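K.L.:
PDB, C-alpha atoms, saved as entry13.pdb, coming up:
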```
ATOM      1  CA  MET L   1     -21.926 -36.686  71.843  1.00  0.00           C
ATOM      2  CA  THR L   2     -20.146 -35.281  74.872  1.00  0.00           C
ATOM      3  CA  LYS L   3     -18.100 -37.142  77.439  1.00  0.00           C
ATOM      4  CA  LEU L   4     -17.745 -36.695  81.161  1.00  0.00           C
ATOM      5  CA  VAL L   5     -14.237 -37.842  82.113  1.00  0.00           C
ATOM      6  CA  VAL L   6     -13.244 -38.303  85.754  1.00  0.00           C
ATOM      7  CA  LEU L   7      -9.580 -38.972  86.566  1.00  0.00           C
ATOM      8  CA  TYR L   8      -8.354 -40.150  89.960  1.00  0.00           C
ATOM      9  CA  LYS L   9      -4.817 -39.953  91.333  1.00  0.00           C
ATOM     10  CA  GLU L  10      -3.622 -42.969  93.305  1.00  0.00           C
ATOM     11  CA  PRO L  11      -5.740 -43.209  96.462  1.00  0.00           C
ATOM     12  CA  LYS L  12      -4.360 -43.749  99.961  1.00  0.00           C
ATOM     13  CA  ASP L  13      -5.989 -47.196 100.046  1.00  0.00           C
ATOM     14  CA  PRO L  14      -6.018 -48.684  96.503  1.00  0.00           C
ATOM     15  CA  ALA L  15      -7.615 -51.974  97.614  1.00  0.00           C
ATOM     16  CA  HIS L  16     -10.559 -50.176  99.241  1.00  0.00           C
ATOM     17  CA  PHE L  17     -10.884 -47.820  96.266  1.00  0.00           C
ATOM     18  CA  GLY L  18     -11.091 -50.651  93.716  1.00  0.00           C
ATOM     19  CA  LYS L  19     -13.517 -52.795  95.676  1.00  0.00           C
ATOM     20  CA  TYR L  20     -15.824 -49.940  96.653  1.00  0.00           C
ATOM     21  CA  TYR L  21     -15.759 -48.420  93.168  1.00  0.00           C
ATOM     22  CA  VAL L  22     -16.645 -51.659  91.409  1.00  0.00           C
ATOM     23  CA  ASP L  23     -19.154 -52.915  93.983  1.00  0.00           C
ATOM     24  CA  ASN L  24     -20.879 -49.637  94.871  1.00  0.00           C
ATOM     25  CA  HIS L  25     -19.979 -46.492  92.957  1.00  0.00           C
ATOM     26  CA  ALA L  26     -19.999 -47.822  89.380  1.00  0.00           C
ATOM     27  CA  PRO L  27     -23.477 -49.375  89.781  1.00  0.00           C
ATOM     28  CA  LEU L  28     -24.689 -46.078  91.257  1.00  0.00           C
ATOM     29  CA  ALA L  29     -23.101 -43.958  88.497  1.00  0.00           C
ATOM     30  CA  SER L  30     -24.405 -46.299  85.788  1.00  0.00           C
ATOM     31  CA  LYS L  31     -27.917 -45.008  86.476  1.00  0.00           C
ATOM     32  CA  LEU L  32     -27.176 -41.288  86.028  1.00  0.00           C
ATOM     33  CA  PRO L  33     -30.027 -39.599  84.146  1.00  0.00           C
ATOM     34  CA  GLY L  34     -29.214 -39.172  80.450  1.00  0.00           C
ATOM     35  CA  LEU L  35     -26.204 -41.514  80.510  1.00  0.00           C
ATOM     36  CA  LYS L  36     -25.704 -43.283  77.161  1.00  0.00           C
ATOM     37  CA  ASN L  37     -22.775 -45.523  78.135  1.00  0.00           C
ATOM     38  CA  TYR L  38     -19.736 -45.545  80.368  1.00  0.00           C
ATOM     39  CA  TYR L  39     -16.333 -47.129  80.821  1.00  0.00           C
ATOM     40  CA  CYS L  40     -14.105 -47.229  83.866  1.00  0.00           C
ATOM     41  CA  GLY L  41     -10.970 -48.927  85.068  1.00  0.00           C
ATOM     42  CA  PRO L  42      -7.372 -48.645  86.154  1.00  0.00           C
ATOM     43  CA  ALA L  43      -5.061 -46.474  84.071  1.00  0.00           C
ATOM     44  CA  LYS L  44      -1.626 -47.556  82.840  1.00  0.00           C
ATOM     45  CA  SER L  45       0.956 -45.873  80.654  1.00  0.00           C
ATOM     46  CA  PRO L  46       1.473 -47.288  77.140  1.00  0.00           C
ATOM     47  CA  ASP L  47       4.473 -49.299  78.374  1.00  0.00           C
ATOM     48  CA  GLY L  48       2.352 -50.843  81.152  1.00  0.00           C
ATOM     49  CA  GLY L  49       3.917 -48.787  83.927  1.00  0.00           C
ATOM     50  CA  ALA L  50       2.435 -46.207  86.234  1.00  0.00           C
ATOM     51  CA  ALA L  51       0.371 -43.459  84.639  1.00  0.00           C
ATOM     52  CA  PRO L  52      -0.260 -39.919  85.924  1.00  0.00           C
ATOM     53  CA  TYR L  53      -3.718 -41.119  86.980  1.00  0.00           C
ATOM     54  CA  TYR L  54      -4.722 -44.282  88.813  1.00  0.00           C
ATOM     55  CA  TRP L  55      -8.313 -44.721  87.565  1.00  0.00           C
ATOM     56  CA  MET L  56     -10.531 -43.315  84.808  1.00  0.00           C
ATOM     57  CA  PHE L  57     -14.288 -43.028  84.340  1.00  0.00           C
ATOM     58  CA  SER L  58     -15.684 -41.909  80.979  1.00  0.00           C
ATOM     59  CA  ALA L  59     -19.402 -41.457  80.360  1.00  0.00           C
ATOM     60  CA  THR L  60     -21.202 -40.397  77.186  1.00  0.00           C
ATOM     61  CA  PHE L  61     -24.140 -37.978  77.172  1.00  0.00           C
ATOM     62  CA  ASP L  62     -25.943 -36.087  74.399  1.00  0.00           C
ATOM     63  CA  SER L  63     -24.433 -32.715  75.348  1.00  0.00           C
ATOM     64  CA  ALA L  64     -22.608 -30.710  78.001  1.00  0.00           C
ATOM     65  CA  GLN L  65     -26.001 -29.458  79.157  1.00  0.00           C
ATOM     66  CA  ALA L  66     -27.176 -33.055  79.581  1.00  0.00           C
ATOM     67  CA  ILE L  67     -24.146 -33.675  81.835  1.00  0.00           C
ATOM     68  CA  ALA L  68     -24.878 -30.553  83.875  1.00  0.00           C
ATOM     69  CA  ASP L  69     -28.534 -31.544  84.204  1.00  0.00           C
ATOM     70  CA  SER L  70     -27.601 -35.090  85.216  1.00  0.00           C
ATOM     71  CA  LEU L  71     -25.064 -34.078  87.859  1.00  0.00           C
ATOM     72  CA  GLY L  72     -27.380 -31.347  89.133  1.00  0.00           C
ATOM     73  CA  SER L  73     -30.295 -33.727  89.583  1.00  0.00           C
ATOM     74  CA  GLU L  74     -31.104 -35.228  92.979  1.00  0.00           C
ATOM     75  CA  TYR L  75     -29.722 -38.556  91.753  1.00  0.00           C
ATOM     76  CA  GLY L  76     -26.572 -36.901  90.393  1.00  0.00           C
ATOM     77  CA  LYS L  77     -25.989 -35.220  93.742  1.00  0.00           C
ATOM     78  CA  LYS L  78     -26.245 -38.652  95.386  1.00  0.00           C
ATOM     79  CA  VAL L  79     -23.573 -40.008  93.016  1.00  0.00           C
ATOM     80  CA  LEU L  80     -21.265 -37.055  93.713  1.00  0.00           C
ATOM     81  CA  ALA L  81     -21.825 -37.374  97.468  1.00  0.00           C
ATOM     82  CA  ASP L  82     -20.613 -40.989  97.276  1.00  0.00           C
ATOM     83  CA  ILE L  83     -17.072 -40.019  96.169  1.00  0.00           C
ATOM     84  CA  PRO L  84     -15.685 -39.503  99.722  1.00  0.00           C
ATOM     85  CA  ASN L  85     -16.712 -43.074 100.537  1.00  0.00           C
ATOM     86  CA  TYR L  86     -13.892 -44.414  98.359  1.00  0.00           C
ATOM     87  CA  TYR L  87     -11.586 -41.491  97.452  1.00  0.00           C
ATOM     88  CA  ASP L  88      -9.701 -39.121  99.714  1.00  0.00           C
ATOM     89  CA  GLY L  89      -9.357 -36.165  97.362  1.00  0.00           C
ATOM     90  CA  ASP L  90     -10.992 -34.291  94.529  1.00  0.00           C
ATOM     91  CA  PRO L  91     -10.827 -36.087  91.182  1.00  0.00           C
ATOM     92  CA  THR L  92     -10.053 -34.211  87.974  1.00  0.00           C
ATOM     93  CA  VAL L  93     -13.265 -33.745  85.987  1.00  0.00           C
ATOM     94  CA  LEU L  94     -13.331 -32.925  82.270  1.00  0.00           C
ATOM     95  CA  ILE L  95     -16.098 -32.317  79.750  1.00  0.00           C
ATOM     96  CA  VAL L  96     -14.957 -33.453  76.292  1.00  0.00           C
ATOM     97  CA  GLU L  97     -17.053 -32.561  73.248  1.00  0.00           C
ATOM     98  CA  ASP L  98     -16.631 -34.644  70.106  1.00  0.00           C
ATOM     99  CA  VAL L  99     -15.458 -32.706  67.074  1.00  0.00           C
TER
END
```
Write the structure described by the file as structure tokens, please.
P.N.:
Amino acid sequence: MTKLVVLYKEPKDPAHFGKYYVDNHAPLASKLPGLKNYYCGPAKSPDGGAAPYYWMFSATFDSAQAIADSLGSEYGKKVLADIPNYYDGDPTVLIVEDV
């Protein structure tokens, strides 16, 4: 299994980010082709304080190629095009392969 991890720094408008993400973006992203499962939510440090990132999305796919195919699909492009609707920057995106 391979994971797509998307990390967001604190947005300019956290209230808008959270509401839009939960109500609109997560339901959209949950239908990415090839997606096995996903998790998302606010990030905190182990002591409960602020973390280097504000929000995290992690999705499982069969392979890195499956992620590339999913994001490159017409539907994947629609999901990526939705990011500016709730976030004012470029999130950090990682591909993590299980070992």
K.L.:
I need the output of the PyMOL selection byres ((chain L and resi 32-43) around 9) for this file as a ChimeraX atom specification; which residues are they?
P.N.:
/L:18,22,26,28-31,44-45,50-62,66-67,69-71,73,75-76,79
K.L.:
Mind giving me the straight-line distance from atom CA of Pro11 of chain L to atom CA of Val96 of chain L in Å, one decimal?
P.N.:
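So the two atoms, atom CA of Pro11 of chain L and atom CA of Val96 of chain L, lie 24.2 Å apart.
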K.L.:
Give me, please, the distance in Å between atom CA of Ala64 of chain L and atom CA of Lys9 of chain L, quoted to one decimal.
P.N.:
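Distance reported for this atom pair: 24.1 Å.
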K.L.:
If I take atom CA of Asp23 of chain L and atom CA of Gly72 of chain L, how far is one from the other in Å, to one decimal?
P.N.:
23.6 Å
K.L.:
Of the candidates L:Pro14, L:Tyr20, L:Lys3, L:Ala68, which one gets nearest to Tyr86 of chain L if we count all atoms listed in the file?
P.N.:
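Comparing L:Pro14, L:Tyr20, L:Lys3, L:Ala68 against Tyr86 of chain L, the winner is L:Tyr20.
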K.L.:
Convert the output of the PyMOL selection byres ((chain L and resi 93) around 10) on the shown file into explicit residues, formatted as an mmCIF file with C-alpha atoms, keeping the file's coordinate frame.
P.N.:
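Now in selection_26.cif:
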```cif
data_model
loop_
_atom_site.group_PDB
_atom_site.id
_atom_site.type_symbol
_atom_site.label_atom_id
_atom_site.label_comp_id
_atom_site.auth_asym_id
_atom_site.auth_seq_id
_atom_site.Cartn_x
_atom_site.Cartn_y
_atom_site.Cartn_z
ATOM 1 C CA LEU L 4 -17.745 -36.695 81.161
ATOM 2 C CA VAL L 5 -14.237 -37.842 82.113
ATOM 3 C CA VAL L 6 -13.244 -38.303 85.754
ATOM 4 C CA LEU L 7 -9.580 -38.972 86.566
ATOM 5 C CA TYR L 8 -8.354 -40.150 89.960
ATOM 6 C CA PHE L 57 -14.288 -43.028 84.340
ATOM 7 C CA SER L 58 -15.684 -41.909 80.979
ATOM 8 C CA ASP L 90 -10.992 -34.291 94.529
ATOM 9 C CA PRO L 91 -10.827 -36.087 91.182
ATOM 10 C CA THR L 92 -10.053 -34.211 87.974
ATOM 11 C CA LEU L 94 -13.331 -32.925 82.270
ATOM 12 C CA ILE L 95 -16.098 -32.317 79.750
ATOM 13 C CA VAL L 96 -14.957 -33.453 76.292
#
```
K.L.:
Once the PyMOL selection byres ((chain L and resi 99) around 10) has been applied to the shown file, what residues remain in the selection, as a ChimeraX atom specification?
P.N.:
/L:1-2,96-98
K.L.:
Create the file for the chosen residues now, containing C-alpha atoms and written as a PDB file, in the frame of the given file.
P.N.:
```
ATOM      1  CA  MET L   1     -21.926 -36.686  71.843  1.00  0.00           C
ATOM      2  CA  THR L   2     -20.146 -35.281  74.872  1.00  0.00           C
ATOM      3  CA  VAL L  96     -14.957 -33.453  76.292  1.00  0.00           C
ATOM      4  CA  GLU L  97     -17.053 -32.561  73.248  1.00  0.00           C
ATOM      5  CA  ASP L  98     -16.631 -34.644  70.106  1.00  0.00           C
TER       6      ASP L  98
END
```
K.L.:
Given 8 Å of margin on each side, can you work out the centre and size in Å (one decimal) of an axis-aligned box holding every listed atom of segment 37-51 of chain L, as AutoDock Vina command-line options?
P.N.:
```
--center_x -9.2 --center_y -47.2 --center_z 81.7 --size_x 43.2 --size_y 23.4 --size_z 25.1
```
